[in-house]
Amino acid sequence: MLRLASFAAALAVMAGSALAQEKATLQLNWFPSADHTPIYLAKQKGYYAREKIDLTIVRGQGSADSAQKIQLKQAEFGIADTPTVVTAISKGADLRLVGIVFDKGPSNIFFLKSSGIKGPKDLVGKKIAAPPGDSHRLLWPSFAKANGIDPAAIDLVNVQPQGKQAILAGKSVDAVFELYTGRGLMEAAVGAENLGHMLFADHGVATYAHAYFVHTDLLKQKPDLIRGFLKATYEGWRDALENPQAAVDALAAEVQQGVDKKVYMQNFALVADLVATERTRKNGLGWMSKEVMQETIDLTFSGGNMPRKVTPEEAFTNDLLTKITPKS
């Protein structure tokens, strides 16, 4: 009888815990990629459940689309490129960055070596593909100005996110805007020997990149929900940096289709270098520097897409972060 009572009590606790779970949605910026694997690992390990969060992960259509979804409160949490979010804030969006993903920006141009592109000025007159909502479109004017190029001197070609590799491999364009973390997918499509790249950070545009962000109403109304989400997420990052294979396996188990584990592992190695930096080892994963944020805002504003220059305080807060550092 005592054992039955204990079992019933345990079931009651589990049921109560399940009932206490708060449903929340994370709006991704693109389809699940290597830099999203820590989220799936955290979910698989029960970190969100421990924080009483029942998390649904939704694929996206670009940073601009993600920012719009959060502004419309169609999801609680979003991932987007930082310049996209600060641009939206400058236009009146009620958004706030609550944790950085890439401490070093991965914004990048992949190109075919046969196109003759070697440096920024060689981009003039070239066809470059990018999805309509791609954050690179917002950063391009800053990149162009930093390198003495007329922003209108390239031919921008619309493409769906999943079509970037194919359009470059088919030589319909000379280059594509794509994060450096997508290098493995690009090499698989066109061959490593045929692929060149230019990191924006190496050519005068050193900005914060991907970040987690929320609507300011959520910040006011449910700070504990945000704190729990960030804690679970960065614990996922800590574990993924130590065991990338487990993170890739976790994503593959949930997404199931379109995941080449070998390519994702190659991409995660690139991701790790952008995430685990001296700053994150000192201050914790997700921590944001006011100085770097100011530079990000300044560079984005110089591109001409922001109607006003927002302040770092309007753009971000570190207040809800738990100090979680990489193990190595």
# chains A, B, ... in the order shown; residues from 1 in each chain; ligands from 1
>>> select_by_dssp(residues="segment 94-170 of chain A", states="strand (DSSP E or B)", output="list in words")
Leu95, Arg96, Leu97, Val98, Gly99, Ile100, Asn108, Ile109, Phe110, Phe111, Leu112, Lys127, Ile128, Ala129, Ala130, Asp155, Leu156, Val157 and Asn158 of chain A
>>> write_last_selection(atoms="N, CA and C atoms", output="short mmCIF file (atom, residue, chain, number, x, y, z; two decimals), in the first residue's frame")
data_model
loop_
_atom_site.label_atom_id
_atom_site.label_comp_id
_atom_site.auth_asym_id
_atom_site.auth_seq_id
_atom_site.Cartn_x
_atom_site.Cartn_y
_atom_site.Cartn_z
N LEU A 95 11.09 45.78 -29.88
CA LEU A 95 11.92 44.60 -29.76
C LEU A 95 13.14 44.88 -28.88
N ARG A 96 13.69 43.83 -28.29
CA ARG A 96 14.91 43.97 -27.50
C ARG A 96 15.75 42.70 -27.62
N LEU A 97 17.03 42.87 -27.86
CA LEU A 97 17.97 41.75 -27.90
C LEU A 97 18.27 41.31 -26.47
N VAL A 98 18.21 40.01 -26.21
CA VAL A 98 18.43 39.53 -24.85
C VAL A 98 19.61 38.57 -24.73
N GLY A 99 20.22 38.19 -25.86
CA GLY A 99 21.39 37.32 -25.81
C GLY A 99 21.99 37.16 -27.19
N ILE A 100 23.30 37.26 -27.29
CA ILE A 100 23.95 37.14 -28.60
C ILE A 100 24.22 35.67 -28.90
N ASN A 108 28.79 37.07 -44.81
CA ASN A 108 29.80 36.59 -45.74
C ASN A 108 29.25 36.54 -47.17
N ILE A 109 30.16 36.58 -48.13
CA ILE A 109 29.82 36.38 -49.54
C ILE A 109 30.59 35.16 -50.04
N PHE A 110 29.86 34.17 -50.55
CA PHE A 110 30.50 33.04 -51.24
C PHE A 110 30.44 33.30 -52.74
N PHE A 111 31.53 32.99 -53.42
CA PHE A 111 31.56 33.23 -54.86
C PHE A 111 32.31 32.12 -55.58
N LEU A 112 32.02 32.02 -56.86
CA LEU A 112 32.75 31.08 -57.70
C LEU A 112 34.08 31.71 -58.10
N LYS A 127 26.27 39.43 -60.44
CA LYS A 127 24.97 38.97 -59.95
C LYS A 127 25.17 38.26 -58.62
N ILE A 128 24.47 38.74 -57.59
CA ILE A 128 24.60 38.17 -56.26
C ILE A 128 23.20 37.78 -55.76
N ALA A 129 23.05 36.54 -55.34
CA ALA A 129 21.74 36.04 -54.90
C ALA A 129 21.56 36.20 -53.40
N ALA A 130 20.33 36.52 -53.01
CA ALA A 130 19.97 36.61 -51.59
C ALA A 130 18.46 36.55 -51.46
N ASP A 155 23.97 43.42 -59.06
CA ASP A 155 22.65 42.98 -59.49
C ASP A 155 22.15 41.94 -58.48
N LEU A 156 21.25 42.37 -57.57
CA LEU A 156 20.73 41.47 -56.55
C LEU A 156 19.64 40.58 -57.13
N VAL A 157 19.78 39.28 -56.96
CA VAL A 157 18.85 38.30 -57.50
C VAL A 157 18.13 37.61 -56.35
N ASN A 158 16.79 37.61 -56.38
CA ASN A 158 16.01 36.94 -55.34
C ASN A 158 16.13 35.42 -55.46
#
>>> residues_around(residues="segment 136-140 of chain A", least_positions_apart="5", cutoff="8 Å", atoms="only C-alpha atoms", output="count of residues only")
10
>>> closest_residue(among="A:Asp224, A:Asp122, A:Asp35, A:Asp65", to="Asn267 of chain A", atoms="only C-alpha atoms")
A:Asp35
>>> closest_residue(among="A:Lys104, A:Arg281, A:Lys327, A:Lys43", to="Leu241 of chain A", atoms="only C-alpha atoms")
A:Lys327
>>> closest_residue(among="A:Gly60, A:Gln256, A:Lys145, A:Asp81", to="Phe102 of chain A", atoms="only C-alpha atoms")
A:Asp81
>>> select_by_dssp(residues="segment 92-131 of chain A", states="helix (DSSP H, G or I)", output="PyMOL selection string")
chain A and resi 113-115+120-123
>>> closest_residue(among="A:Ala64, A:Met288, A:Val271, A:Ala252", to="Val86 of chain A", atoms="only C-alpha atoms")
A:Ala64
>>> closest_residue(among="A:Asp260, A:Asp202, A:Asp150, A:Glu76", to="Thr216 of chain A", atoms="only C-alpha atoms")
A:Glu76
>>> residues_around(residues="Ala247 of chain A", least_positions_apart="6", cutoff="6 Å", atoms="only C-alpha atoms", output="list in words")
Thr37, Pro38, Leu41 and Ala240 of chain A
>>> write_last_selection(atoms="N, CA and C atoms", output="PDB file, in the first residue's frame")
ATOM      1  N   THR A  37      21.626  23.690 -33.608  1.00  0.00           N
ATOM      2  CA  THR A  37      21.718  22.382 -32.963  1.00  0.00           C
ATOM      3  C   THR A  37      21.716  22.468 -31.430  1.00  0.00           C
ATOM      4  N   PRO A  38      22.353  23.475 -30.805  1.00  0.00           N
ATOM      5  CA  PRO A  38      22.326  23.524 -29.335  1.00  0.00           C
ATOM      6  C   PRO A  38      20.921  23.652 -28.753  1.00  0.00           C
ATOM      7  N   LEU A  41      19.513  20.217 -28.724  1.00  0.00           N
ATOM      8  CA  LEU A  41      20.174  19.445 -27.678  1.00  0.00           C
ATOM      9  C   LEU A  41      19.597  19.809 -26.310  1.00  0.00           C
ATOM     10  N   ALA A 240      26.897  21.620 -26.398  1.00  0.00           N
ATOM     11  CA  ALA A 240      27.158  21.403 -27.827  1.00  0.00           C
ATOM     12  C   ALA A 240      28.610  21.699 -28.175  1.00  0.00           C
TER      13      ALA A 240
END
>>> residues_around(residues="Thr311 of chain A", least_positions_apart="2", cutoff="10 Å", atoms="only C-alpha atoms", output="list in words")
Val86, Ser90, Lys290, Met293, Gln294, Ile297, Asp298, Arg308, Lys309, Glu313, Glu314, Ala315 and Phe316 of chain A
>>> write_last_selection(atoms="N, CA and C atoms", output="CSV table (one decimal), in the first residue's frame")
chain,number,residue,atom,x,y,z
A,86,VAL,N,18.0,45.9,-34.9
A,86,VAL,CA,18.2,47.4,-34.5
A,86,VAL,C,17.6,48.3,-35.6
A,90,SER,N,14.6,51.0,-34.9
A,90,SER,CA,14.7,52.4,-35.3
A,90,SER,C,13.4,52.8,-36.1
A,290,LYS,N,28.6,46.8,-24.8
A,290,LYS,CA,28.0,48.0,-25.2
A,290,LYS,C,28.8,48.7,-26.3
A,293,MET,N,28.1,46.8,-29.5
A,293,MET,CA,26.7,47.1,-30.0
A,293,MET,C,26.7,48.5,-30.6
A,294,GLN,N,27.4,49.4,-30.0
A,294,GLN,CA,27.4,50.8,-30.6
A,294,GLN,C,28.0,50.7,-32.0
A,297,ILE,N,25.5,49.3,-34.4
A,297,ILE,CA,24.4,50.3,-34.7
A,297,ILE,C,25.0,51.4,-35.7
A,298,ASP,N,26.2,51.9,-35.4
A,298,ASP,CA,26.8,52.9,-36.2
A,298,ASP,C,27.0,52.4,-37.7
A,308,ARG,N,16.6,56.4,-37.8
A,308,ARG,CA,17.3,57.1,-36.7
A,308,ARG,C,18.3,56.1,-36.1
A,309,LYS,N,19.3,56.7,-35.4
A,309,LYS,CA,20.3,55.8,-34.7
A,309,LYS,C,19.8,55.5,-33.3
A,313,GLU,N,21.2,51.0,-25.3
A,313,GLU,CA,20.2,50.7,-24.2
A,313,GLU,C,18.8,50.3,-24.8
A,314,GLU,N,18.5,50.9,-25.9
A,314,GLU,CA,17.2,50.6,-26.6
A,314,GLU,C,17.3,49.2,-27.3
A,315,ALA,N,18.6,48.9,-27.6
A,315,ALA,CA,18.7,47.7,-28.5
A,315,ALA,C,18.9,46.4,-27.7
A,316,PHE,N,19.5,46.4,-26.5
A,316,PHE,CA,19.8,45.2,-25.8
A,316,PHE,C,19.8,45.3,-24.3
>>> residues_around(residues="Ala144 of chain A", least_positions_apart="2", cutoff="10 Å", atoms="only C-alpha atoms", output="count of residues only")
21
>>> residues_around(residues="Lys282 of chain A", least_positions_apart="6", cutoff="10 Å", atoms="only C-alpha atoms", output="PDB file with N, CA and C atoms, in the first residue's frame")
ATOM      1  N   LYS A 323      25.299  33.481 -16.096  1.00  0.00           N
ATOM      2  CA  LYS A 323      26.666  33.346 -16.600  1.00  0.00           C
ATOM      3  C   LYS A 323      27.013  31.888 -16.813  1.00  0.00           C
ATOM      4  N   ILE A 324      26.908  31.459 -18.067  1.00  0.00           N
ATOM      5  CA  ILE A 324      27.250  30.093 -18.471  1.00  0.00           C
ATOM      6  C   ILE A 324      28.423  30.181 -19.446  1.00  0.00           C
ATOM      7  N   THR A 325      29.527  29.583 -19.107  1.00  0.00           N
ATOM      8  CA  THR A 325      30.731  29.722 -19.913  1.00  0.00           C
ATOM      9  C   THR A 325      31.080  28.400 -20.607  1.00  0.00           C
ATOM     10  N   PRO A 326      31.763  28.482 -21.757  1.00  0.00           N
ATOM     11  CA  PRO A 326      32.232  27.253 -22.418  1.00  0.00           C
ATOM     12  C   PRO A 326      33.161  26.496 -21.484  1.00  0.00           C
TER      13      PRO A 326
END
